[in-house]
>>> print(open('run_3.pdb').read())   # PDB, C-alpha atoms and all ligand atoms
ATOM      1  CA  MET A   1      11.466 -64.921   0.613
ATOM      2  CA  THR A   2      11.942 -67.540  -2.107
ATOM      3  CA  VAL A   3       9.702 -70.529  -1.763
ATOM      4  CA  THR A   4      11.361 -73.709  -2.987
ATOM      5  CA  PRO A   5       8.923 -75.921  -4.865
ATOM      6  CA  PRO A   6       8.514 -79.389  -3.366
ATOM      7  CA  VAL A   7      10.730 -82.086  -4.769
ATOM      8  CA  GLY A   8       9.577 -84.566  -7.410
ATOM      9  CA  LEU A   9      10.303 -88.198  -6.621
ATOM     10  CA  ARG A  10       9.665 -91.033  -9.016
ATOM     11  CA  ALA A  11      10.508 -94.687  -9.494
ATOM     12  CA  GLU A  12      10.891 -96.030 -13.000
ATOM     13  CA  GLY A  13      10.622 -99.762 -13.658
ATOM     14  CA  LEU A  14      12.006-100.501 -10.202
ATOM     15  CA  GLY A  15      12.836-104.149  -9.544
ATOM     16  CA  VAL A  16      14.462-105.811  -6.545
ATOM     17  CA  ARG A  17      15.569-109.446  -6.666
ATOM     18  CA  VAL A  18      17.213-111.303  -3.816
ATOM     19  CA  GLY A  19      18.569-114.764  -4.607
ATOM     20  CA  GLY A  20      15.942-116.246  -6.897
ATOM     21  CA  ALA A  21      13.072-114.207  -5.402
ATOM     22  CA  THR A  22      11.472-111.149  -6.975
ATOM     23  CA  LEU A  23      10.599-108.778  -4.142
ATOM     24  CA  LEU A  24       9.641-105.847  -6.360
ATOM     25  CA  ASP A  25       8.631-106.107  -9.981
ATOM     26  CA  ALA A  26       8.722-103.200 -12.465
ATOM     27  CA  VAL A  27       7.252-100.570 -10.151
ATOM     28  CA  SER A  28       6.813 -97.179 -11.832
ATOM     29  CA  ILE A  29       5.278 -94.393  -9.813
ATOM     30  CA  ALA A  30       5.537 -90.609  -9.544
ATOM     31  CA  PHE A  31       4.913 -89.460  -5.967
ATOM     32  CA  ARG A  32       3.033 -86.186  -5.657
ATOM     33  CA  PRO A  33       5.435 -83.380  -4.766
ATOM     34  CA  GLY A  34       4.804 -81.871  -1.347
ATOM     35  CA  ARG A  35       2.059 -84.373  -0.552
ATOM     36  CA  ILE A  36       1.647 -87.632   1.362
ATOM     37  CA  THR A  37       1.352 -90.892  -0.542
ATOM     38  CA  GLY A  38       0.194 -93.840   1.556
ATOM     39  CA  LEU A  39       1.847 -97.123   0.627
ATOM     40  CA  LEU A  40      -0.620 -99.929   1.236
ATOM     41  CA  GLY A  41      -0.733-103.681   0.787
ATOM     42  CA  PRO A  42      -0.774-106.845   2.877
ATOM     43  CA  ASN A  43       2.173-108.271   4.835
ATOM     44  CA  GLY A  44       5.000-109.177   2.481
ATOM     45  CA  ALA A  45       3.621-107.090  -0.424
ATOM     46  CA  GLY A  46       6.917-105.194  -0.816
ATOM     47  CA  LYS A  47       6.277-101.885   0.981
ATOM     48  CA  THR A  48       9.514-101.888   3.011
ATOM     49  CA  THR A  49      11.436-103.154  -0.016
ATOM     50  CA  LEU A  50      10.145-100.229  -2.085
ATOM     51  CA  LEU A  51      10.890 -97.694   0.674
ATOM     52  CA  ARG A  52      14.437 -99.042   1.127
ATOM     53  CA  ALA A  53      15.081 -98.877  -2.615
ATOM     54  CA  VAL A  54      13.693 -95.332  -2.798
ATOM     55  CA  ALA A  55      15.801 -94.375   0.257
ATOM     56  CA  GLY A  56      18.908 -95.579  -1.557
ATOM     57  CA  LEU A  57      19.583 -98.325   1.010
ATOM     58  CA  THR A  58      18.926-101.179  -1.430
ATOM     59  CA  ARG A  59      20.393-101.019  -4.908
ATOM     60  CA  PRO A  60      17.636-102.053  -7.336
ATOM     61  CA  SER A  61      18.284-104.879  -9.776
ATOM     62  CA  ALA A  62      16.276-103.010 -12.416
ATOM     63  CA  GLY A  63      15.076 -99.461 -13.000
ATOM     64  CA  ARG A  64      15.969 -96.292 -11.161
ATOM     65  CA  VAL A  65      14.805 -93.707  -8.625
ATOM     66  CA  LEU A  66      14.777 -90.063  -9.714
ATOM     67  CA  LEU A  67      14.866 -87.097  -7.371
ATOM     68  CA  ASP A  68      14.065 -83.994  -9.394
ATOM     69  CA  GLY A  69      15.344 -85.896 -12.420
ATOM     70  CA  GLU A  70      18.633 -86.918 -10.756
ATOM     71  CA  ASP A  71      19.439 -90.620 -10.248
ATOM     72  CA  LEU A  72      19.273 -91.097  -6.484
ATOM     73  CA  HIS A  73      21.633 -94.071  -6.468
ATOM     74  CA  ALA A  74      24.311 -91.988  -8.192
ATOM     75  CA  LEU A  75      24.455 -89.586  -5.224
ATOM     76  CA  THR A  76      26.954 -90.136  -2.402
ATOM     77  CA  ALA A  77      25.410 -91.429   0.831
ATOM     78  CA  ARG A  78      26.052 -88.023   2.407
ATOM     79  CA  ARG A  79      24.321 -86.038  -0.345
ATOM     80  CA  ARG A  80      21.432 -88.501  -0.283
ATOM     81  CA  ALA A  81      21.090 -88.113   3.486
ATOM     82  CA  ARG A  82      20.807 -84.347   3.086
ATOM     83  CA  ARG A  83      17.784 -84.827   0.883
ATOM     84  CA  VAL A  84      16.036 -88.011   1.970
ATOM     85  CA  ALA A  85      15.092 -88.975   5.540
ATOM     86  CA  PHE A  86      13.960 -92.528   6.234
ATOM     87  CA  MET A  87      12.167 -93.519   9.397
ATOM     88  CA  GLU A  88      12.562 -97.276   9.557
ATOM     89  CA  GLN A  89      10.174 -99.712  11.189
ATOM     90  CA  GLN A  90      12.729-101.067  13.658
ATOM     91  CA  ALA A  91      14.839 -98.519  15.504
ATOM     92  CA  ASP A  92      18.106 -99.643  17.089
ATOM     93  CA  THR A  93      17.362 -99.728  20.815
ATOM     94  CA  ARG A  94      20.919-100.506  21.959
ATOM     95  CA  LEU A  95      22.421 -97.054  21.411
ATOM     96  CA  SER A  96      23.429 -95.680  24.775
ATOM     97  CA  LEU A  97      22.579 -92.075  23.960
ATOM     98  CA  THR A  98      20.182 -89.526  25.309
ATOM     99  CA  VAL A  99      17.124 -88.610  23.264
ATOM    100  CA  ARG A 100      18.695 -85.212  22.524
ATOM    101  CA  GLN A 101      21.786 -86.919  21.081
ATOM    102  CA  VAL A 102      19.648 -89.258  18.942
ATOM    103  CA  ILE A 103      17.743 -86.286  17.511
ATOM    104  CA  GLU A 104      20.943 -84.329  16.854
ATOM    105  CA  LEU A 105      22.293 -87.268  14.845
ATOM    106  CA  GLY A 106      19.913 -86.061  12.142
ATOM    107  CA  ARG A 107      22.237 -83.057  11.608
ATOM    108  CA  THR A 108      25.223 -85.292  10.733
ATOM    109  CA  PRO A 109      24.863 -85.038   6.930
ATOM    110  CA  HIS A 110      24.875 -81.227   7.191
ATOM    111  CA  ARG A 111      28.027 -81.006   9.274
ATOM    112  CA  GLY A 112      31.552 -80.869   7.894
ATOM    113  CA  ARG A 113      33.880 -83.839   8.181
ATOM    114  CA  TRP A 114      36.155 -81.983  10.558
ATOM    115  CA  PRO A 115      35.114 -79.854  13.508
ATOM    116  CA  VAL A 116      35.545 -76.220  12.515
ATOM    117  CA  PRO A 117      34.660 -73.100  14.476
ATOM    118  CA  THR A 118      31.120 -72.169  13.451
ATOM    119  CA  ASP A 119      29.735 -68.663  13.434
ATOM    120  CA  SER A 120      26.878 -67.776  15.721
ATOM    121  CA  ALA A 121      24.389 -67.564  12.827
ATOM    122  CA  ALA A 122      25.160 -71.188  11.926
ATOM    123  CA  ASP A 123      24.815 -72.196  15.577
ATOM    124  CA  ALA A 124      21.488 -70.409  15.825
ATOM    125  CA  HIS A 125      20.278 -72.206  12.700
ATOM    126  CA  GLU A 126      21.342 -75.603  14.122
ATOM    127  CA  ARG A 127      19.523 -74.865  17.378
ATOM    128  CA  SER A 128      16.356 -73.686  15.690
ATOM    129  CA  VAL A 129      16.179 -76.722  13.351
ATOM    130  CA  VAL A 130      16.462 -79.053  16.348
ATOM    131  CA  ALA A 131      13.986 -77.015  18.415
ATOM    132  CA  ASP A 132      11.421 -76.988  15.569
ATOM    133  CA  ALA A 133      11.770 -80.742  15.070
ATOM    134  CA  VAL A 134      11.396 -81.381  18.811
ATOM    135  CA  ALA A 135       8.255 -79.250  18.932
ATOM    136  CA  ALA A 136       6.746 -80.803  15.779
ATOM    137  CA  ALA A 137       7.207 -84.312  17.172
ATOM    138  CA  ASP A 138       6.104 -83.316  20.698
ATOM    139  CA  VAL A 139       9.157 -84.818  22.411
ATOM    140  CA  GLY A 140      10.454 -81.849  24.424
ATOM    141  CA  HIS A 141       9.764 -83.647  27.709
ATOM    142  CA  LEU A 142      11.917 -86.622  26.657
ATOM    143  CA  LEU A 143      15.165 -84.862  25.701
ATOM    144  CA  ASP A 144      17.213 -85.913  28.749
ATOM    145  CA  ARG A 145      15.896 -89.469  28.835
ATOM    146  CA  SER A 146      18.069 -92.406  27.908
ATOM    147  CA  TRP A 147      17.051 -93.638  24.425
ATOM    148  CA  PRO A 148      16.845 -97.394  25.238
ATOM    149  CA  THR A 149      14.329 -96.738  28.050
ATOM    150  CA  LEU A 150      11.645 -95.181  25.815
ATOM    151  CA  SER A 151       8.376 -96.873  24.979
ATOM    152  CA  GLY A 152       7.703 -97.884  21.378
ATOM    153  CA  GLY A 153       5.477 -94.874  20.725
ATOM    154  CA  GLU A 154       7.900 -92.404  22.326
ATOM    155  CA  ARG A 155      10.669 -93.886  20.195
ATOM    156  CA  GLN A 156       8.626 -93.383  17.028
ATOM    157  CA  ARG A 157       8.081 -89.706  17.811
ATOM    158  CA  VAL A 158      11.788 -89.223  18.564
ATOM    159  CA  GLN A 159      12.590 -90.859  15.222
ATOM    160  CA  LEU A 160      10.318 -88.336  13.520
ATOM    161  CA  ALA A 161      12.195 -85.495  15.239
ATOM    162  CA  ARG A 162      15.522 -86.980  14.125
ATOM    163  CA  ALA A 163      14.238 -87.279  10.534
ATOM    164  CA  LEU A 164      13.057 -83.646  10.558
ATOM    165  CA  THR A 165      16.429 -82.353  11.772
ATOM    166  CA  GLN A 166      17.822 -83.680   8.487
ATOM    167  CA  GLU A 167      15.764 -80.906   6.805
ATOM    168  CA  PRO A 168      14.848 -83.417   4.104
ATOM    169  CA  ASP A 169      13.174 -82.814   0.755
ATOM    170  CA  VAL A 170      11.689 -86.299   0.959
ATOM    171  CA  LEU A 171      10.360 -88.140   3.991
ATOM    172  CA  LEU A 172      10.011 -91.927   3.881
ATOM    173  CA  LEU A 173       8.086 -93.491   6.762
ATOM    174  CA  ASP A 174       7.737 -97.218   7.375
ATOM    175  CA  GLU A 175       4.637 -97.873   9.481
ATOM    176  CA  PRO A 176       5.300 -94.694  11.466
ATOM    177  CA  THR A 177       2.155 -94.862  13.589
ATOM    178  CA  ASN A 178       2.054 -98.535  14.577
ATOM    179  CA  HIS A 179       3.064 -97.893  18.210
ATOM    180  CA  LEU A 180       1.206 -94.616  18.674
ATOM    181  CA  ASP A 181      -1.955 -94.059  20.674
ATOM    182  CA  LEU A 182      -4.925 -92.663  18.763
ATOM    183  CA  ARG A 183      -4.230 -89.034  19.620
ATOM    184  CA  HIS A 184      -0.595 -89.311  18.577
ATOM    185  CA  GLN A 185      -1.511 -91.204  15.381
ATOM    186  CA  LEU A 186      -3.689 -88.298  14.273
ATOM    187  CA  GLY A 187      -1.211 -85.715  15.590
ATOM    188  CA  PHE A 188       1.715 -87.399  13.826
ATOM    189  CA  LEU A 189      -0.012 -87.474  10.440
ATOM    190  CA  GLU A 190      -1.333 -83.931  10.842
ATOM    191  CA  THR A 191       2.198 -82.736  11.593
ATOM    192  CA  VAL A 192       3.581 -84.533   8.549
ATOM    193  CA  ARG A 193       0.803 -83.173   6.345
ATOM    194  CA  GLY A 194       1.599 -79.650   7.519
ATOM    195  CA  LEU A 195       5.263 -79.954   6.486
ATOM    196  CA  GLY A 196       4.557 -79.840   2.748
ATOM    197  CA  ILE A 197       7.401 -82.326   2.147
ATOM    198  CA  THR A 198       7.098 -85.076  -0.460
ATOM    199  CA  THR A 199       6.255 -88.009   1.818
ATOM    200  CA  VAL A 200       5.732 -91.722   1.305
ATOM    201  CA  ALA A 201       4.310 -93.599   4.308
ATOM    202  CA  ALA A 202       3.722 -97.354   4.513
ATOM    203  CA  LEU A 203       0.525 -97.791   6.511
ATOM    204  CA  HIS A 204      -1.659-100.704   7.557
ATOM    205  CA  ASP A 205      -4.550 -98.606   8.798
ATOM    206  CA  LEU A 206      -6.734 -97.922   5.750
ATOM    207  CA  GLU A 207      -8.875 -95.438   7.658
ATOM    208  CA  LEU A 208      -5.822 -93.319   8.537
ATOM    209  CA  ALA A 209      -4.560 -93.589   4.968
ATOM    210  CA  ALA A 210      -7.932 -92.458   3.639
ATOM    211  CA  ALA A 211      -8.066 -89.515   6.020
ATOM    212  CA  TYR A 212      -4.502 -88.184   5.746
ATOM    213  CA  CYS A 213      -2.969 -89.303   2.455
ATOM    214  CA  ASP A 214      -3.428 -87.243  -0.688
ATOM    215  CA  GLU A 215      -2.891 -90.383  -2.737
ATOM    216  CA  VAL A 216      -2.506 -94.067  -2.028
ATOM    217  CA  ALA A 217      -0.419 -96.661  -3.845
ATOM    218  CA  VAL A 218      -1.263-100.318  -3.387
ATOM    219  CA  LEU A 219       1.306-103.098  -3.673
ATOM    220  CA  LEU A 220       0.520-106.777  -3.999
ATOM    221  CA  ASP A 221       3.151-109.485  -4.459
ATOM    222  CA  GLY A 222       5.787-106.891  -5.349
ATOM    223  CA  ARG A 223       3.696-105.171  -8.029
ATOM    224  CA  LEU A 224       1.926-101.832  -8.004
ATOM    225  CA  VAL A 225      -1.746-102.691  -8.528
ATOM    226  CA  ALA A 226      -3.439 -99.321  -7.889
ATOM    227  CA  HIS A 227      -2.439 -95.691  -7.430
ATOM    228  CA  GLY A 228      -4.522 -92.534  -7.082
ATOM    229  CA  PRO A 229      -6.642 -90.544  -4.640
ATOM    230  CA  GLY A 230      -8.022 -92.634  -1.772
ATOM    231  CA  SER A 231     -11.577 -91.874  -2.894
ATOM    232  CA  GLU A 232     -10.861 -93.669  -6.186
ATOM    233  CA  VAL A 233      -8.596 -96.473  -5.003
ATOM    234  CA  LEU A 234     -10.093 -97.473  -1.653
ATOM    235  CA  THR A 235     -13.155 -99.284  -2.962
ATOM    236  CA  SER A 236     -14.653-102.417  -1.442
ATOM    237  CA  ARG A 237     -13.672-104.287  -4.591
ATOM    238  CA  THR A 238      -9.978-103.338  -4.445
ATOM    239  CA  ILE A 239      -9.824-104.037  -0.712
ATOM    240  CA  ALA A 240     -11.410-107.452  -1.277
ATOM    241  CA  GLU A 241      -8.929-108.226  -4.051
ATOM    242  CA  VAL A 242      -5.870-107.074  -2.165
ATOM    243  CA  TYR A 243      -6.606-107.979   1.461
ATOM    244  CA  GLY A 244      -9.269-110.700   1.137
ATOM    245  CA  VAL A 245     -11.547-108.766   3.471
ATOM    246  CA  ASP A 246     -15.185-107.810   2.959
ATOM    247  CA  VAL A 247     -15.642-104.110   3.758
ATOM    248  CA  THR A 248     -18.264-101.439   3.332
ATOM    249  CA  VAL A 249     -16.908 -98.114   2.130
ATOM    250  CA  GLU A 250     -18.924 -95.023   2.968
ATOM    251  CA  ARG A 251     -18.180 -91.301   2.988
ATOM    252  CA  HIS A 252     -16.833 -90.088   6.285
ATOM    253  CA  PRO A 253     -19.389 -87.641   7.688
ATOM    254  CA  ARG A 254     -16.742 -85.126   8.817
ATOM    255  CA  HIS A 255     -14.051 -85.090   6.138
ATOM    256  CA  ASP A 256     -15.890 -86.670   3.198
ATOM    257  CA  ARG A 257     -13.080 -89.112   2.520
ATOM    258  CA  PRO A 258     -13.630 -92.900   2.456
ATOM    259  CA  HIS A 259     -14.751 -94.405   5.752
ATOM    260  CA  ILE A 260     -14.014 -98.117   5.785
ATOM    261  CA  ARG A 261     -15.993-100.563   7.912
ATOM    262  CA  TRP A 262     -14.953-104.203   7.847
ATOM    263  CA  ASN A 263     -17.569-106.955   7.779
ATOM    264  CA  GLY A 264     -15.342-110.036   7.893
ATOM    265  CA  LEU A 265     -12.865-112.207   6.057
ATOM    266  CA  LEU A 266     -13.422-113.479   2.563
ATOM    267  CA  HIS A 267     -12.262-117.073   2.250
ATOM    268  CA  GLU A 268     -10.051-116.265  -0.726
ATOM    269  CA  ARG A 269      -8.577-113.050  -2.025
ATOM    270  CA  THR A 270     -10.803-112.283  -4.992
ATOM    271  CA  THR A 271      -7.857-111.652  -7.354
ATOM    272  CA  PRO A 272      -8.395-113.739 -10.519
TER     273      PRO A 272
HETATM  274  N1  LIG A 301      16.578-110.591   2.032
HETATM  275  C1  LIG A 301      15.479-111.214   1.657
HETATM  276  N2  LIG A 301      15.520-112.451   1.084
HETATM  277  C2  LIG A 301      14.387-113.076   0.699
HETATM  278  N3  LIG A 301      13.169-112.567   0.832
HETATM  279  C3  LIG A 301      13.072-111.348   1.403
HETATM  280  C4  LIG A 301      14.201-110.600   1.836
HETATM  281  N4  LIG A 301      13.776-109.436   2.349
HETATM  282  C5  LIG A 301      12.431-109.437   2.246
HETATM  283  N5  LIG A 301      12.002-110.595   1.684
HETATM  284  C6  LIG A 301      10.619-110.963   1.366
HETATM  285  O1  LIG A 301      10.139-110.004   0.457
HETATM  286  C7  LIG A 301       8.737-109.806   0.658
HETATM  287  C8  LIG A 301       8.452-108.320   0.796
HETATM  288  O2  LIG A 301       8.933-107.892   2.062
HETATM  289  P1  LIG A 301       8.650-106.445   2.628
HETATM  290  O3  LIG A 301       9.313-106.356   3.955
HETATM  291  O4  LIG A 301       9.009-105.466   1.594
HETATM  292  O5  LIG A 301       7.060-106.492   2.780
HETATM  293  P2  LIG A 301       6.074-105.435   3.460
HETATM  294  O6  LIG A 301       5.006-105.134   2.473
HETATM  295  O7  LIG A 301       6.846-104.293   4.009
HETATM  296  O8  LIG A 301       5.484-106.337   4.627
HETATM  297  P3  LIG A 301       4.951-105.988   6.125
HETATM  298  O9  LIG A 301       3.610-105.331   5.958
HETATM  299  O10 LIG A 301       4.826-107.351   6.728
HETATM  300  O11 LIG A 301       5.969-105.131   6.828
HETATM  301  C9  LIG A 301       8.362-110.659   1.876
HETATM  302  O12 LIG A 301       7.785-111.859   1.436
HETATM  303  C10 LIG A 301       9.687-110.903   2.554
HETATM  304  O13 LIG A 301       9.684-112.123   3.271
END
>>> encode(input="run_3.pdb", output="structure tokens")
Amino acid sequence: MTVTPPVGLRAEGLGVRVGGATLLDAVSIAFRPGRITGLLGPNGAGKTTLLRAVAGLTRPSAGRVLLDGEDLHALTARRRARRVAFMEQQADTRLSLTVRQVIELGRTPHRGRWPVPTDSAADAHERSVVADAVAAADVGHLLDRSWPTLSGGERQRVQLARALTQEPDVLLLDEPTNHLDLRHQLGFLETVRGLGITTVAALHDLELAAAYCDEVAVLLDGRLVAHGPGSEVLTSRTIAEVYGVDVTVERHPRHDRPHIRWNGLLHERTTP
């Protein structure tokens, strides 16, 4: 069996301006292939803006996004959707579909424009991709439910299943765990880590980022201010500068990654 190497994703000098406002300013970053990069930073730092630009949903006003050296914004929407899956923060709750139909929507970019008779091998592949995604996201018991009736956490797991049915090379996740209970937060990130797909996940929980992300990238006011392994980036000094919070950073006794304990607010962010 040939093993395809994980895809390289990078942003070069990426800028996004809307009206007179600079939402993202000259962000250059190479995401580690096959690994999870946690995208951190306070509210309004530019995490969603960066994810949307990398997903190809926002055309940058400067710079470019390269997927294995190819300009992502030069791809058609369909080709992009075969390679990049984006799990957005807000899912549309009005769709009157079953959960199974929502998940199967992830196959759309792989299907032809016109219905053609498919052979049984193709059918079997379609079924096994959907079944694997359903199992990975632990949503088998929800398949016949009506999508608008799901809870926030159930919806997030269904969105993961839909993203996985795209068979993406790159997974972009915007606060994917914010509605999940503790067990599903850990389960979700363990599942994603096991996929070996180049993943970028915007997260607010520094402890989760430290435990599950191979690297973290920190945004502040639309600029990339730190990038590297959590053990190097998640220091009390950086957290004070970026979030204006006094924390103590220790080694986690079980996994030896940073364990972050907050002590309280600092009156000012300590950025000069
Ligand atoms: N269309 C727009 N016009 C003007 N400003 C915008 C627009 N879209 C986003 N912004 C602003 O850009 C900044 C970055 O927003 P973004 O959603 O990327 O932040 P974020 O880091 O994802 O924040 P959060 O953690 O709150 O989700 C915010 O100040 C936001 O208000």
>>> resolve_selection(input="run_3.pdb", expression="the PyMOL selection byres (((chain A and resi 239-255) around 9) and not hetatm)", output="VMD selection string")
chain A and resid 41 to 42 211 218 to 220 225 231 233 to 238 256 to 272
>>> write_last_selection(input="run_3.pdb", atoms="C-alpha atoms", output="compact mmCIF listing (two decimals), in the coordinates of the input")
# COMPACT_ATOMS: atom_id res chain seq x y z
CA GLY A 41 -0.73 -103.68 0.79
CA PRO A 42 -0.77 -106.84 2.88
CA ALA A 211 -8.07 -89.52 6.02
CA VAL A 218 -1.26 -100.32 -3.39
CA LEU A 219 1.31 -103.10 -3.67
CA LEU A 220 0.52 -106.78 -4.00
CA VAL A 225 -1.75 -102.69 -8.53
CA SER A 231 -11.58 -91.87 -2.89
CA VAL A 233 -8.60 -96.47 -5.00
CA LEU A 234 -10.09 -97.47 -1.65
CA THR A 235 -13.16 -99.28 -2.96
CA SER A 236 -14.65 -102.42 -1.44
CA ARG A 237 -13.67 -104.29 -4.59
CA THR A 238 -9.98 -103.34 -4.44
CA ASP A 256 -15.89 -86.67 3.20
CA ARG A 257 -13.08 -89.11 2.52
CA PRO A 258 -13.63 -92.90 2.46
CA HIS A 259 -14.75 -94.40 5.75
CA ILE A 260 -14.01 -98.12 5.78
CA ARG A 261 -15.99 -100.56 7.91
CA TRP A 262 -14.95 -104.20 7.85
CA ASN A 263 -17.57 -106.96 7.78
CA GLY A 264 -15.34 -110.04 7.89
CA LEU A 265 -12.86 -112.21 6.06
CA LEU A 266 -13.42 -113.48 2.56
CA HIS A 267 -12.26 -117.07 2.25
CA GLU A 268 -10.05 -116.26 -0.73
CA ARG A 269 -8.58 -113.05 -2.02
CA THR A 270 -10.80 -112.28 -4.99
CA THR A 271 -7.86 -111.65 -7.35
CA PRO A 272 -8.40 -113.74 -10.52
>>> residues_near_ligand(input="run_3.pdb", ligand="ligand LIG 301 (chain A)", cutoff="8 Å", atoms="all atoms listed in the file", output="PyMOL selection string")
chain A and resi 18-19+21-24+40-50+174-175+202+204+219+221-222
>>> resolve_selection(input="run_3.pdb", expression="the PyMOL selection byres (((chain A and resi 154-171) around 8) and not hetatm)", output="number ranges by chain")
A: 6-7, 9, 81-87, 91, 99, 102-110, 129-130, 133-134, 136-139, 147, 150-153, 172-173, 176-177, 179-180, 188, 197-200
>>> closest_residue(input="run_3.pdb", among="A:Ser28, A:Gln90, A:Thr37, A:Ser96", to="Gly228 (chain A)", atoms="all atoms listed in the file")
A:Thr37
>>> closest_residue(input="run_3.pdb", among="A:Arg80, A:Arg35, A:Arg145, A:Arg17", to="Gln101 (chain A)", atoms="only C-alpha atoms")
A:Arg145
>>> resolve_selection(input="run_3.pdb", expression="the PyMOL selection byres (((chain A and resi 27) around 10) and not hetatm)", output="list in words")
Arg10, Ala11, Glu12, Gly13, Leu14, Gly15, Val16, Leu24, Asp25, Ala26, Ser28, Ile29, Leu50, Ala62, Gly63, Arg64, Leu219, Gly222, Arg223, Leu224 and Val225 of chain A
>>> atom_distance(input="run_3.pdb", atom1="CA of Gln185 (chain A)", atom2="CA of His125 (chain A)")
29.0 Å
>>> atom_distance(input="run_3.pdb", atom1="CA of Leu203 (chain A)", atom2="CA of Leu182 (chain A)")
14.4 Å
>>> atom_distance(input="run_3.pdb", atom1="CA of Leu208 (chain A)", atom2="CA of Glu190 (chain A)")
10.7 Å
>>> closest_residue(input="run_3.pdb", among="A:Arg111, A:Arg94, A:Arg100, A:Arg32", to="Asp144 (chain A)", atoms="only C-alpha atoms")
A:Arg100
>>> closest_residue(input="run_3.pdb", among="A:Pro148, A:Pro60, A:Gly140, A:Gly196", to="Pro5 (chain A)", atoms="all atoms listed in the file")
A:Gly196
>>> closest_residue(input="run_3.pdb", among="A:Val192, A:Pro229, A:Glu88, A:Ala74", to="Ala210 (chain A)", atoms="only C-alpha atoms")
A:Pro229
